[in-house]
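S.K.: Sharing run.cif (mmCIF, C-alpha atoms) below.
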data_start
#
loop_
_atom_site.label_atom_id
_atom_site.label_comp_id
_atom_site.auth_asym_id
_atom_site.auth_seq_id
_atom_site.Cartn_x
_atom_site.Cartn_y
_atom_site.Cartn_z
CA MET A 144 28.59 -33.46 151.98
CA ILE A 145 29.67 -29.99 153.04
CA PHE A 146 32.90 -28.99 151.27
CA ARG A 147 34.37 -25.50 151.44
CA GLN A 148 37.63 -24.37 149.84
CA LEU A 149 38.83 -21.24 151.67
CA PHE A 150 41.62 -18.94 150.51
CA ASP A 151 44.18 -16.74 152.26
CA SER A 152 45.39 -14.26 149.64
CA VAL A 153 48.43 -13.12 151.67
CA SER A 154 50.11 -16.55 151.68
CA GLY A 155 48.24 -18.11 148.74
CA THR A 156 47.02 -20.88 151.09
CA TYR A 157 43.95 -23.04 150.56
CA SER A 158 42.19 -24.42 153.64
CA TYR A 159 39.42 -27.01 153.38
CA LEU A 160 36.39 -27.43 155.63
CA LEU A 161 34.71 -30.84 155.44
CA ALA A 162 31.59 -32.31 157.04
CA SER A 163 29.04 -34.95 156.10
CA ARG A 164 25.95 -32.93 157.07
CA PRO A 165 24.69 -29.72 158.72
CA GLY A 166 24.67 -30.09 162.50
CA GLY A 167 27.48 -32.63 162.34
CA GLU A 168 31.17 -32.98 163.03
CA ALA A 169 33.63 -31.04 160.87
CA LEU A 170 37.31 -31.19 159.99
CA ILE A 171 39.56 -28.44 158.64
CA LEU A 172 42.79 -28.91 156.67
CA ASP A 173 45.67 -26.39 156.73
CA PRO A 174 43.99 -23.52 158.61
CA VAL A 175 45.65 -20.07 158.64
CA LEU A 176 45.85 -18.13 161.94
CA GLU A 177 44.57 -14.83 160.49
CA LYS A 178 41.46 -16.56 159.09
CA VAL A 179 40.32 -18.24 162.33
CA ASP A 180 37.51 -15.67 162.88
CA ARG A 181 36.20 -16.47 159.41
CA TYR A 182 36.34 -20.24 160.01
CA CYS A 183 34.49 -19.88 163.32
CA GLN A 184 31.81 -17.73 161.71
CA LEU A 185 31.36 -20.32 158.93
CA LEU A 186 31.13 -23.12 161.49
CA ARG A 187 28.33 -21.22 163.25
CA GLU A 188 26.52 -20.45 159.98
CA LEU A 189 26.67 -24.07 158.80
CA ASP A 190 25.83 -25.38 162.30
CA LEU A 191 28.99 -27.52 162.50
CA LYS A 192 31.11 -28.74 165.39
CA LEU A 193 34.83 -28.65 164.58
CA VAL A 194 36.42 -31.82 165.99
CA LYS A 195 39.73 -32.03 164.09
CA ALA A 196 42.16 -29.48 162.66
CA VAL A 197 44.85 -31.02 160.43
CA ASP A 198 48.09 -29.60 159.02
CA THR A 199 49.55 -31.45 156.02
CA HIS A 200 53.07 -30.38 157.12
CA LEU A 201 54.94 -27.73 159.13
CA HIS A 202 54.28 -24.60 157.09
CA ALA A 203 56.95 -21.97 156.39
CA ASP A 204 54.83 -19.29 154.71
CA HIS A 205 52.07 -18.72 157.26
CA VAL A 206 51.33 -19.27 160.94
CA THR A 207 49.00 -22.21 161.43
CA GLY A 208 45.53 -21.81 162.90
CA LEU A 209 45.76 -25.17 164.74
CA GLY A 210 46.43 -23.81 168.24
CA GLU A 211 43.90 -20.98 168.03
CA LEU A 212 41.16 -23.28 166.69
CA ARG A 213 41.88 -25.78 169.48
CA ASP A 214 41.60 -23.01 172.09
CA ARG A 215 38.36 -21.68 170.63
CA THR A 216 36.55 -24.88 169.64
CA HIS A 217 38.29 -27.56 171.80
CA CYS A 218 39.02 -29.53 168.61
CA MET A 219 41.85 -32.04 168.28
CA THR A 220 45.02 -31.05 166.44
CA VAL A 221 46.39 -33.60 163.96
CA MET A 222 49.76 -33.87 162.19
CA GLY A 223 52.06 -36.59 160.91
CA ASP A 224 54.40 -38.68 163.05
CA GLN A 225 57.49 -36.79 161.85
CA THR A 226 56.26 -33.33 162.88
CA LYS A 227 58.65 -31.02 164.76
CA ALA A 228 55.67 -29.27 166.39
CA ASP A 229 55.97 -29.56 170.17
CA VAL A 230 52.69 -31.36 170.85
CA VAL A 231 49.73 -32.25 168.68
CA ALA A 232 46.77 -34.22 170.03
CA MET A 233 46.96 -36.96 167.42
CA ARG A 234 49.88 -38.05 165.24
CA VAL A 235 49.19 -40.11 162.15
CA ALA A 236 51.27 -42.37 159.90
CA ASP A 237 50.98 -43.78 156.39
CA GLY A 238 47.91 -46.00 156.06
CA ASP A 239 46.08 -44.56 159.08
CA LYS A 240 42.63 -43.04 158.77
CA VAL A 241 41.47 -39.64 160.03
CA THR A 242 37.76 -39.95 160.68
CA ILE A 243 34.90 -37.71 161.68
CA GLU A 244 31.20 -38.60 161.68
CA GLY A 245 30.35 -39.72 158.13
CA LEU A 246 33.77 -39.05 156.57
CA SER A 247 37.13 -40.81 156.44
CA LEU A 248 40.46 -39.59 155.06
CA GLU A 249 43.20 -42.06 154.20
CA VAL A 250 46.62 -40.89 155.37
CA MET A 251 49.44 -40.96 152.77
CA TYR A 252 53.01 -40.14 153.80
CA THR A 253 54.34 -38.08 150.89
CA PRO A 254 57.66 -36.52 152.01
CA GLY A 255 59.88 -34.37 149.82
CA HIS A 256 58.69 -30.79 150.24
CA THR A 257 59.44 -31.34 153.94
CA ASP A 258 60.15 -34.54 155.85
CA ASP A 259 56.73 -34.32 157.56
CA SER A 260 54.60 -33.83 154.42
CA TYR A 261 51.37 -35.82 154.19
CA SER A 262 48.52 -36.09 151.70
CA TYR A 263 44.95 -37.09 152.55
CA LEU A 264 42.79 -39.16 150.20
CA MET A 265 39.01 -38.99 150.46
CA GLY A 266 37.13 -40.92 147.79
CA ASP A 267 37.28 -38.95 144.55
CA ARG A 268 39.71 -36.28 145.82
CA VAL A 269 43.18 -35.99 147.30
CA PHE A 270 44.48 -33.13 149.43
CA THR A 271 48.15 -32.94 148.48
CA GLY A 272 49.48 -30.21 150.78
CA ASP A 273 52.57 -28.72 149.11
CA THR A 274 53.73 -32.04 147.60
CA LEU A 275 51.82 -31.79 144.32
CA LEU A 276 50.58 -28.37 143.24
CA ILE A 277 48.50 -27.43 140.21
CA ARG A 278 51.05 -27.39 137.35
CA GLY A 279 53.86 -27.39 139.90
CA THR A 280 55.42 -29.17 142.88
CA GLY A 281 56.50 -27.94 146.30
CA ARG A 282 60.09 -26.72 146.69
CA THR A 283 62.48 -29.17 148.35
CA ASP A 284 65.34 -26.92 149.52
CA PHE A 285 64.59 -26.52 153.27
CA GLN A 286 63.04 -28.29 156.32
CA ASN A 287 64.77 -31.56 155.42
CA GLY A 288 63.22 -31.50 151.98
CA SER A 289 64.40 -34.02 149.38
CA SER A 290 63.82 -33.96 145.62
CA ARG A 291 64.43 -37.71 145.52
CA ALA A 292 61.81 -38.37 148.21
CA GLN A 293 59.38 -36.01 146.48
CA TYR A 294 59.83 -37.76 143.14
CA ASP A 295 58.98 -41.04 144.86
CA SER A 296 55.95 -39.51 146.64
CA ILE A 297 54.59 -38.06 143.42
CA PHE A 298 55.41 -40.71 140.82
CA ASN A 299 55.04 -43.82 142.97
CA ARG A 300 52.15 -42.73 145.19
CA LEU A 301 50.05 -39.80 144.00
CA LEU A 302 50.24 -40.42 140.25
CA LYS A 303 49.18 -44.04 140.86
CA LEU A 304 45.74 -42.77 141.91
CA PRO A 305 42.97 -42.91 139.26
CA ASP A 306 43.34 -40.18 136.62
CA GLU A 307 39.95 -38.68 137.51
CA THR A 308 40.96 -38.13 141.18
CA MET A 309 40.61 -34.40 141.94
CA VAL A 310 43.73 -32.67 143.26
CA PHE A 311 43.24 -30.03 145.96
CA PRO A 312 46.61 -28.51 147.00
CA ALA A 313 47.46 -26.33 150.01
CA HIS A 314 48.66 -23.49 147.77
CA ASP A 315 48.15 -21.80 144.46
CA TYR A 316 49.52 -18.47 143.31
CA LYS A 317 47.80 -18.23 139.91
CA GLY A 318 44.15 -18.57 140.90
CA ASP A 319 43.64 -22.24 139.99
CA THR A 320 41.43 -24.06 142.49
CA VAL A 321 41.41 -27.73 141.47
CA SER A 322 43.02 -30.14 139.02
CA THR A 323 43.03 -33.90 138.47
CA ILE A 324 45.76 -36.54 138.59
CA GLY A 325 45.32 -37.11 134.84
CA GLU A 326 45.70 -33.40 134.07
CA GLU A 327 48.85 -33.11 136.17
CA LYS A 328 50.39 -36.15 134.46
CA ARG A 329 49.82 -34.51 131.08
CA TYR A 330 50.36 -30.81 131.69
CA ASN A 331 52.46 -30.30 134.84
CA PRO A 332 55.84 -29.16 133.43
CA ARG A 333 57.77 -30.57 136.41
CA LEU A 334 56.36 -34.04 135.82
CA GLN A 335 57.57 -34.35 132.23
CA VAL A 336 60.98 -35.65 133.39
CA ARG A 337 62.36 -38.99 132.25
CA SER A 338 64.09 -40.00 135.51
CA VAL A 339 64.54 -39.21 139.18
CA ASP A 340 67.95 -37.70 138.42
CA GLU A 341 66.43 -35.31 135.91
CA TYR A 342 63.82 -34.28 138.50
CA ILE A 343 66.55 -33.70 141.14
CA GLU A 344 68.46 -31.52 138.68
CA LEU A 345 65.32 -29.54 137.76
CA MET A 346 64.52 -28.86 141.43
CA ALA A 347 68.14 -27.92 142.23
CA ASN A 348 68.04 -25.11 139.65
CA LEU A 349 64.86 -23.31 140.77
CA LYS A 350 66.83 -20.69 142.79
CA LEU A 351 63.80 -19.56 144.80
CA PRO A 352 64.00 -16.92 147.55
CA ASN A 353 63.00 -18.08 151.07
CA PRO A 354 59.31 -17.56 151.94
CA LYS A 355 58.84 -14.06 153.39
CA MET A 356 57.24 -15.42 156.58
CA MET A 357 59.68 -18.29 157.11
CA ASP A 358 61.61 -16.86 160.10
CA VAL A 359 58.34 -16.13 161.90
CA ALA A 360 56.15 -19.03 160.74
CA VAL A 361 58.42 -22.02 161.34
CA PRO A 362 59.24 -21.26 165.03
CA ALA A 363 55.59 -20.31 165.71
CA ASN A 364 54.29 -23.47 164.05
CA MET A 365 56.58 -25.61 166.20
CA ARG A 366 54.85 -24.27 169.32
CA VAL A 367 51.21 -25.29 168.99
CA GLY A 368 51.03 -27.41 172.16
CA LEU A 369 48.90 -26.61 175.18
CA HIS A 370 50.79 -25.53 178.26
CA GLN A 371 50.16 -28.56 180.43
CA GLU A 372 52.29 -27.13 183.28
CA GLU A 373 49.26 -25.10 184.44
CA LEU A 374 47.45 -28.31 185.41
CA GLU A 375 50.57 -29.49 187.20
CA LYS A 376 50.63 -26.31 189.32
CA GLU A 377 46.97 -26.86 190.18
CA GLY A 378 47.70 -30.44 191.30
CA ARG A 379 45.58 -31.86 188.50
CA ALA A 380 48.32 -33.71 186.61
CA LEU A 381 49.96 -37.04 187.39
CA SER A 382 53.42 -37.70 186.03
CA ALA A 383 53.73 -40.96 184.11
CA VAL A 384 55.60 -42.50 187.06
CA GLU A 385 52.85 -41.47 189.51
CA ALA A 386 50.21 -42.79 187.12
CA ILE A 387 51.99 -46.16 186.80
CA ARG A 388 52.07 -46.45 190.59
CA SER A 389 48.35 -45.71 190.79
CA LEU A 390 47.35 -48.41 188.27
CA HIS A 391 44.63 -50.67 189.80
CA ARG A 392 44.09 -48.30 192.73
CA PRO A 393 40.40 -48.64 193.68
CA ASP A 394 39.92 -44.89 194.17
CA ILE A 395 41.05 -43.98 190.62
CA LEU A 396 39.14 -44.37 187.36
CA LEU A 397 41.36 -44.21 184.27
CA VAL A 398 39.57 -42.81 181.20
CA ASP A 399 41.09 -43.31 177.73
CA LEU A 400 40.15 -40.46 175.35
CA ARG A 401 41.83 -41.89 172.25
CA GLU A 402 40.03 -43.26 169.22
CA SER A 403 39.61 -46.99 168.66
CA ASN A 404 42.24 -47.16 165.90
CA GLU A 405 44.82 -45.48 168.18
CA ARG A 406 44.09 -48.02 170.92
CA ILE A 407 44.52 -50.94 168.51
CA LYS A 408 47.77 -49.53 167.13
CA HIS A 409 49.44 -48.29 170.33
CA GLY A 410 47.89 -50.45 173.06
CA MET A 411 45.63 -49.82 176.06
CA LEU A 412 45.86 -49.46 179.83
CA GLU A 413 44.31 -52.28 181.78
CA GLY A 414 40.99 -51.42 183.41
CA ALA A 415 40.63 -48.05 181.65
CA LEU A 416 37.22 -46.87 180.54
CA HIS A 417 37.07 -45.83 176.86
CA THR A 418 35.37 -42.52 176.08
CA PRO A 419 36.65 -40.94 172.83
CA TYR A 420 37.40 -37.24 173.26
CA PRO A 421 34.80 -35.76 170.83
CA GLY A 422 32.00 -37.03 173.11
CA ILE A 423 33.50 -35.78 176.37
CA GLU A 424 31.17 -32.80 176.94
CA GLU A 425 28.11 -35.04 176.53
CA SER A 426 29.58 -37.57 178.95
CA LEU A 427 30.19 -34.90 181.60
CA LYS A 428 26.67 -33.45 181.51
CA PRO A 429 24.12 -34.39 184.21
CA GLY A 430 23.01 -37.91 183.26
CA GLY A 431 26.13 -38.40 181.16
CA MET A 432 28.01 -41.68 181.57
CA LEU A 433 31.22 -40.32 183.08
CA ARG A 434 29.46 -37.99 185.48
CA GLU A 435 27.22 -40.80 186.72
CA VAL A 436 30.10 -43.29 187.13
CA ALA A 437 32.17 -40.71 189.04
CA ALA A 438 29.21 -39.87 191.29
CA ALA A 439 28.23 -43.50 191.91
CA THR A 440 31.74 -44.74 192.71
CA GLY A 441 33.36 -41.64 194.24
CA ARG A 442 36.51 -42.42 192.24
CA ARG A 443 38.85 -39.72 190.94
CA VAL A 444 38.66 -39.55 187.16
CA VAL A 445 42.12 -39.53 185.56
CA PHE A 446 42.03 -38.83 181.82
CA PHE A 447 44.73 -39.85 179.39
CA CYS A 448 45.28 -39.69 175.63
CA ALA A 449 48.28 -39.96 173.27
CA PHE A 450 50.33 -36.91 174.34
CA GLY A 451 48.32 -35.16 177.06
CA GLU A 452 46.58 -32.58 174.83
CA ARG A 453 43.08 -34.05 174.77
CA SER A 454 43.28 -35.04 178.43
CA ALA A 455 44.29 -31.49 179.45
CA MET A 456 41.24 -30.17 177.60
CA ALA A 457 39.06 -32.85 179.24
CA VAL A 458 40.18 -31.74 182.72
CA ALA A 459 39.19 -28.16 181.81
CA ALA A 460 35.83 -29.38 180.44
CA ALA A 461 35.21 -31.40 183.63
CA LYS A 462 35.94 -28.35 185.80
CA GLU A 463 33.48 -26.30 183.71
CA ALA A 464 30.89 -29.06 184.14
CA GLY A 465 31.34 -28.95 187.93
CA LEU A 466 33.50 -32.07 188.35
CA SER A 467 36.50 -30.87 190.31
CA ASN A 468 38.00 -34.23 191.29
CA THR A 469 39.70 -34.97 187.96
CA ALA A 470 43.28 -35.06 186.69
CA HIS A 471 45.23 -36.23 183.66
CA ILE A 472 48.41 -38.12 182.85
CA ALA A 473 50.92 -35.50 181.72
CA GLY A 474 52.41 -36.43 178.35
CA GLY A 475 49.81 -39.17 177.83
CA LEU A 476 50.50 -42.74 176.73
CA ASP A 477 53.71 -41.54 175.08
CA ALA A 478 55.14 -40.56 178.49
CA TRP A 479 53.63 -43.68 180.13
CA LYS A 480 55.48 -45.98 177.70
CA LYS A 481 58.74 -44.04 178.05
CA ALA A 482 58.50 -44.51 181.82
CA GLY A 483 58.12 -48.29 181.34
CA GLY A 484 54.38 -48.48 182.01
CA PRO A 485 52.58 -51.68 180.95
CA VAL A 486 50.19 -51.68 177.99
CA VAL A 487 47.87 -54.39 176.77
CA HIS A 488 47.02 -55.15 173.14
CA ALA A 489 43.66 -56.32 171.89
#
Would you write out, as structure tokens, the structure that this file holds?

M.R.:
Amino acid sequence: MIFRQLFDSVSGTYSYLLASRPGGEALILDPVLEKVDRYCQLLRELDLKLVKAVDTHLHADHVTGLGELRDRTHCMTVMGDQTKADVVAMRVADGDKVTIEGLSLEVMYTPGHTDDSYSYLMGDRVFTGDTLLIRGTGRTDFQNGSSRAQYDSIFNRLLKLPDETMVFPAHDYKGDTVSTIGEEKRYNPRLQVRSVDEYIELMANLKLPNPKMMDVAVPANMRVGLHQEELEKEGRALSAVEAIRSLHRPDILLVDLRESNERIKHGMLEGALHTPYPGIEESLKPGGMLREVAAATGRRVVFFCAFGERSAMAVAAAKEAGLSNTAHIAGGLDAWKKAGGPVVHA
């Protein structure tokens, strides 16, 4: 496995690059905007294809690299269901899995630092975001934070993991790089409380100043979405209502870019072809499945995904590949459902 822990000294942020092999798919956790050049260089050096960029929560101390990485690598952006960010390509909930070739991360909803805080468990290690830090815990005094919720997340979720589970947080200000669940149980001063009320009192008396970047980072991190209006102006976007009307039209081929677990969880559109987004470039090449189907049938390819992010990128990829007769459903399945469109479940 390829595992890189990367550090931004300005914000004290750890980012993590994961892949199962050289030449394979990669995932990055909690990327920092100013470090995107470095990530891209490392991806080239390790011969990796970035397919997912994940934020554990809406950060207040740095601007996320999610949008810039998506624009440069065409990767998918991933955050939790509760995120206030305008649009991310994939939203996850407790118990879901975030997968790339050869690796799978189990999604754990661990609110408290913020109401959209998630941790990600991968075998012998857990990425805890700002929920559980090395010899500390994330502050709970802004962004709908809750000391009570954090106590529950830590004591009833994270500390239930095996003691030898390695803890990789999103921040450290002392130079520590890794801990274990067992170590934190024994030596983390904030975890030596006897009750939830004692923990709430401890957190209420920290009297911390606001993060220096907060006024810049939070608004910026809420605007990571692609500007789908451009496709609308070019006539390459169908509104959900238009898309519903065009269901079963013989001249249109609907293409679902979501992953199998999203389709099972949220439903499918009848008659849609399934081509998960990471393989889209291959499918659009000469001899590729989508290109051949479009050529053989003369149908207009209409992409859709969860929120319109992946499908907007697919339209751009199709144009680059020389397929001009494509469009996407603006707002994705989310907009389709809100407009009363029918879905089928497996």

S.K.: Check which residues of region 296-404 of chain A sit at most 12 Å from region 483-487 of chain A using all atoms listed in the file, and return one row each with the closest pair of atoms and their distance in Å to one decimal, ordered by chain and rising number, as a Markdown table.

M.R.:
| residue | atom | partner | partner_atom | distance |
| --- | --- | --- | --- | --- |
| A:Ser382 | CA | A:Gly484 | CA | 11.5 |
| A:Ala383 | CA | A:Gly484 | CA | 7.8 |
| A:Val384 | CA | A:Gly484 | CA | 7.9 |
| A:Glu385 | CA | A:Gly484 | CA | 10.4 |
| A:Ala386 | CA | A:Gly484 | CA | 8.7 |
| A:Ile387 | CA | A:Gly484 | CA | 5.8 |
| A:Arg388 | CA | A:Gly484 | CA | 9.1 |
| A:Ser389 | CA | A:Gly484 | CA | 11.0 |
| A:Leu390 | CA | A:Gly484 | CA | 9.4 |
| A:His391 | CA | A:Pro485 | CA | 11.9 |

S.K.: Any chance you could export the current selection's C-alpha atoms as a compact mmCIF listing (two decimals), in the frame of the given file?

M.R.:
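Done, and the output landed in result-v4.txt:
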# COMPACT_ATOMS: atom_id res chain seq x y z
CA SER A 382 53.42 -37.70 186.03
CA ALA A 383 53.73 -40.96 184.11
CA VAL A 384 55.60 -42.50 187.06
CA GLU A 385 52.85 -41.47 189.51
CA ALA A 386 50.21 -42.79 187.12
CA ILE A 387 51.99 -46.16 186.80
CA ARG A 388 52.07 -46.45 190.59
CA SER A 389 48.35 -45.71 190.79
CA LEU A 390 47.35 -48.41 188.27
CA HIS A 391 44.63 -50.67 189.80

S.K.: What do you get, as number ranges by chain, if you spell out every residue that the PyMOL selection byres ((chain A and resi 469) around 7) selects here?

M.R.: A: 379, 443-445, 458, 466-468, 470

S.K.: Expressed in Å to a single decimal, how great is the separation between CA of Thr283 (chain A) and CA of Asp229 (chain A)?

M.R.: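 So the two atoms, CA of Thr283 (chain A) and CA of Asp229 (chain A), lie 22.8 Å apart.
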
S.K.: Within 12 Å of Leu349 (chain A), counting all atoms listed in the file, which residues qualify if same-chain residues fewer than 6 places away don't, as number ranges by chain?

M.R.: A: 279-284, 290, 333, 342-343

S.K.: Once the PyMOL selection byres ((chain A and resi 233-240) around 8) is applied to the coordinates I shared, what remains selected? I want it as a list in words.

M.R.: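 Applying the PyMOL selection byres ((chain A and resi 233-240) around 8) to the structure shown produces Met219, Thr220, Val221, Met222, Gly223, Asp224, Val231, Ala232, Val241, Thr242, Ser247, Leu248, Glu249, Val250, Met251, Tyr252, Ala449 and Phe450 of chain A.
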
S.K.: What is the distance between CA of Thr274 (chain A) and CA of Ser262 (chain A), in Å to one decimal?

M.R.: 7.8 Å

S.K.: Calculated over only C-alpha atoms, which of the candidates A:Pro354, A:Gly431, A:Arg278, A:Leu416 has the smallest distance to Gly318 (chain A)?

M.R.: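 That would be A:Arg278, the residue with the smallest distance to Gly318 (chain A).
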
S.K.: Given the file shown, determine the residues that the PyMOL selection byres ((chain A and resi 419-424) around 6) selects; report them as a ChimeraX atom specification.

M.R.: /A:400-402,418,425-427

S.K.: Go ahead and save the residues from that selection, with C-alpha atoms, as a PDB file, in the frame of the given file.

M.R.:
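again-v2.pdb, freshly written:
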ATOM      1  CA  LEU A 400      40.150 -40.460 175.350  1.00  0.00           C
ATOM      2  CA  ARG A 401      41.830 -41.890 172.250  1.00  0.00           C
ATOM      3  CA  GLU A 402      40.030 -43.260 169.220  1.00  0.00           C
ATOM      4  CA  THR A 418      35.370 -42.520 176.080  1.00  0.00           C
ATOM      5  CA  GLU A 425      28.110 -35.040 176.530  1.00  0.00           C
ATOM      6  CA  SER A 426      29.580 -37.570 178.950  1.00  0.00           C
ATOM      7  CA  LEU A 427      30.190 -34.900 181.600  1.00  0.00           C
TER       8      LEU A 427
END

S.K.: My list of candidates is A:Arg406, A:Lys428, A:Arg392, A:Lys480. Which is closest to Ala464 (chain A) when distances are computed with all atoms listed in the file?

M.R.: A:Lys428

S.K.: Can you tell me how far CA of Pro174 (chain A) sits from CA of Asp151 (chain A), in Å to one decimal?

M.R.: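 That distance, rounded to one decimal, is 9.3 Å.
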
S.K.: I need every residue sitting at most 9 Å from the point (29.8, -36.5, 160.2) (coordinates as in the file, only C-alpha atoms considered), written as a ChimeraX atom specification.

M.R.: /A:144,161-169,242-246

S.K.: Which neighbours of region 198-202 of chain A fall inside 7 Å, counting all atoms listed in the file, when residues of the same chain fewer than 3 positions from it are skipped, and could you give them as a list of chain:residue names?

M.R.: A:Leu172, A:Asp173, A:His205, A:Val221, A:Met222, A:Thr226, A:Asp259, A:Ser260, A:Tyr261, A:Ser262, A:Gly272, A:Ala360, A:Val361, A:Asn364

S.K.: Since the input is missing atoms, can you rebuild N, CA, C and O atoms for region 449-466 of chain A and write them as a PDB file, in the coordinates of the input?

M.R.:
ATOM      1  N   ALA A 449      46.992 -39.597 173.867  1.00  0.00           N
ATOM      2  CA  ALA A 449      48.280 -39.960 173.270  1.00  0.00           C
ATOM      3  C   ALA A 449      49.438 -39.135 173.839  1.00  0.00           C
ATOM      4  O   ALA A 449      50.483 -39.671 174.199  1.00  0.00           O
ATOM      5  N   PHE A 450      49.239 -37.796 173.932  1.00  0.00           N
ATOM      6  CA  PHE A 450      50.330 -36.910 174.340  1.00  0.00           C
ATOM      7  C   PHE A 450      49.952 -35.928 175.444  1.00  0.00           C
ATOM      8  O   PHE A 450      50.734 -35.053 175.786  1.00  0.00           O
ATOM      9  N   GLY A 451      48.739 -36.038 175.971  1.00  0.00           N
ATOM     10  CA  GLY A 451      48.320 -35.160 177.060  1.00  0.00           C
ATOM     11  C   GLY A 451      47.513 -33.957 176.624  1.00  0.00           C
ATOM     12  O   GLY A 451      47.011 -33.213 177.470  1.00  0.00           O
ATOM     13  N   GLU A 452      47.331 -33.753 175.315  1.00  0.00           N
ATOM     14  CA  GLU A 452      46.580 -32.580 174.830  1.00  0.00           C
ATOM     15  C   GLU A 452      45.080 -32.728 175.083  1.00  0.00           C
ATOM     16  O   GLU A 452      44.450 -31.875 175.684  1.00  0.00           O
ATOM     17  N   ARG A 453      44.518 -33.839 174.600  1.00  0.00           N
ATOM     18  CA  ARG A 453      43.080 -34.050 174.770  1.00  0.00           C
ATOM     19  C   ARG A 453      42.727 -34.174 176.245  1.00  0.00           C
ATOM     20  O   ARG A 453      41.696 -33.662 176.691  1.00  0.00           O
ATOM     21  N   SER A 454      43.597 -34.843 177.008  1.00  0.00           N
ATOM     22  CA  SER A 454      43.280 -35.040 178.430  1.00  0.00           C
ATOM     23  C   SER A 454      43.332 -33.727 179.195  1.00  0.00           C
ATOM     24  O   SER A 454      42.546 -33.508 180.121  1.00  0.00           O
ATOM     25  N   ALA A 455      44.245 -32.813 178.802  1.00  0.00           N
ATOM     26  CA  ALA A 455      44.290 -31.490 179.450  1.00  0.00           C
ATOM     27  C   ALA A 455      42.991 -30.733 179.170  1.00  0.00           C
ATOM     28  O   ALA A 455      42.433 -30.076 180.061  1.00  0.00           O
ATOM     29  N   MET A 456      42.508 -30.836 177.929  1.00  0.00           N
ATOM     30  CA  MET A 456      41.240 -30.170 177.600  1.00  0.00           C
ATOM     31  C   MET A 456      40.066 -30.830 178.329  1.00  0.00           C
ATOM     32  O   MET A 456      39.116 -30.153 178.715  1.00  0.00           O
ATOM     33  N   ALA A 457      40.133 -32.141 178.527  1.00  0.00           N
ATOM     34  CA  ALA A 457      39.060 -32.850 179.240  1.00  0.00           C
ATOM     35  C   ALA A 457      38.997 -32.421 180.700  1.00  0.00           C
ATOM     36  O   ALA A 457      37.903 -32.287 181.257  1.00  0.00           O
ATOM     37  N   VAL A 458      40.156 -32.211 181.319  1.00  0.00           N
ATOM     38  CA  VAL A 458      40.180 -31.740 182.720  1.00  0.00           C
ATOM     39  C   VAL A 458      39.507 -30.367 182.801  1.00  0.00           C
ATOM     40  O   VAL A 458      38.715 -30.103 183.711  1.00  0.00           O
ATOM     41  N   ALA A 459      39.818 -29.496 181.836  1.00  0.00           N
ATOM     42  CA  ALA A 459      39.190 -28.160 181.810  1.00  0.00           C
ATOM     43  C   ALA A 459      37.685 -28.281 181.596  1.00  0.00           C
ATOM     44  O   ALA A 459      36.900 -27.584 182.253  1.00  0.00           O
ATOM     45  N   ALA A 460      37.262 -29.186 180.705  1.00  0.00           N
ATOM     46  CA  ALA A 460      35.830 -29.380 180.440  1.00  0.00           C
ATOM     47  C   ALA A 460      35.120 -29.927 181.678  1.00  0.00           C
ATOM     48  O   ALA A 460      33.994 -29.526 181.994  1.00  0.00           O
ATOM     49  N   ALA A 461      35.798 -30.827 182.414  1.00  0.00           N
ATOM     50  CA  ALA A 461      35.210 -31.400 183.630  1.00  0.00           C
ATOM     51  C   ALA A 461      35.023 -30.314 184.698  1.00  0.00           C
ATOM     52  O   ALA A 461      33.994 -30.261 185.380  1.00  0.00           O
ATOM     53  N   LYS A 462      36.018 -29.457 184.821  1.00  0.00           N
ATOM     54  CA  LYS A 462      35.940 -28.350 185.800  1.00  0.00           C
ATOM     55  C   LYS A 462      34.752 -27.454 185.465  1.00  0.00           C
ATOM     56  O   LYS A 462      33.983 -27.058 186.343  1.00  0.00           O
ATOM     57  N   GLU A 463      34.607 -27.133 184.167  1.00  0.00           N
ATOM     58  CA  GLU A 463      33.480 -26.300 183.710  1.00  0.00           C
ATOM     59  C   GLU A 463      32.150 -26.974 184.008  1.00  0.00           C
ATOM     60  O   GLU A 463      31.161 -26.322 184.314  1.00  0.00           O
ATOM     61  N   ALA A 464      32.132 -28.305 183.917  1.00  0.00           N
ATOM     62  CA  ALA A 464      30.890 -29.060 184.140  1.00  0.00           C
ATOM     63  C   ALA A 464      30.632 -29.300 185.633  1.00  0.00           C
ATOM     64  O   ALA A 464      29.644 -29.929 186.001  1.00  0.00           O
ATOM     65  N   GLY A 465      31.541 -28.819 186.484  1.00  0.00           N
ATOM     66  CA  GLY A 465      31.340 -28.950 187.930  1.00  0.00           C
ATOM     67  C   GLY A 465      31.960 -30.180 188.550  1.00  0.00           C
ATOM     68  O   GLY A 465      31.716 -30.493 189.708  1.00  0.00           O
ATOM     69  N   LEU A 466      32.785 -30.904 187.793  1.00  0.00           N
ATOM     70  CA  LEU A 466      33.500 -32.070 188.350  1.00  0.00           C
ATOM     71  C   LEU A 466      34.923 -31.630 188.680  1.00  0.00           C
ATOM     72  O   LEU A 466      35.770 -31.494 187.794  1.00  0.00           O
TER      73      LEU A 466
END
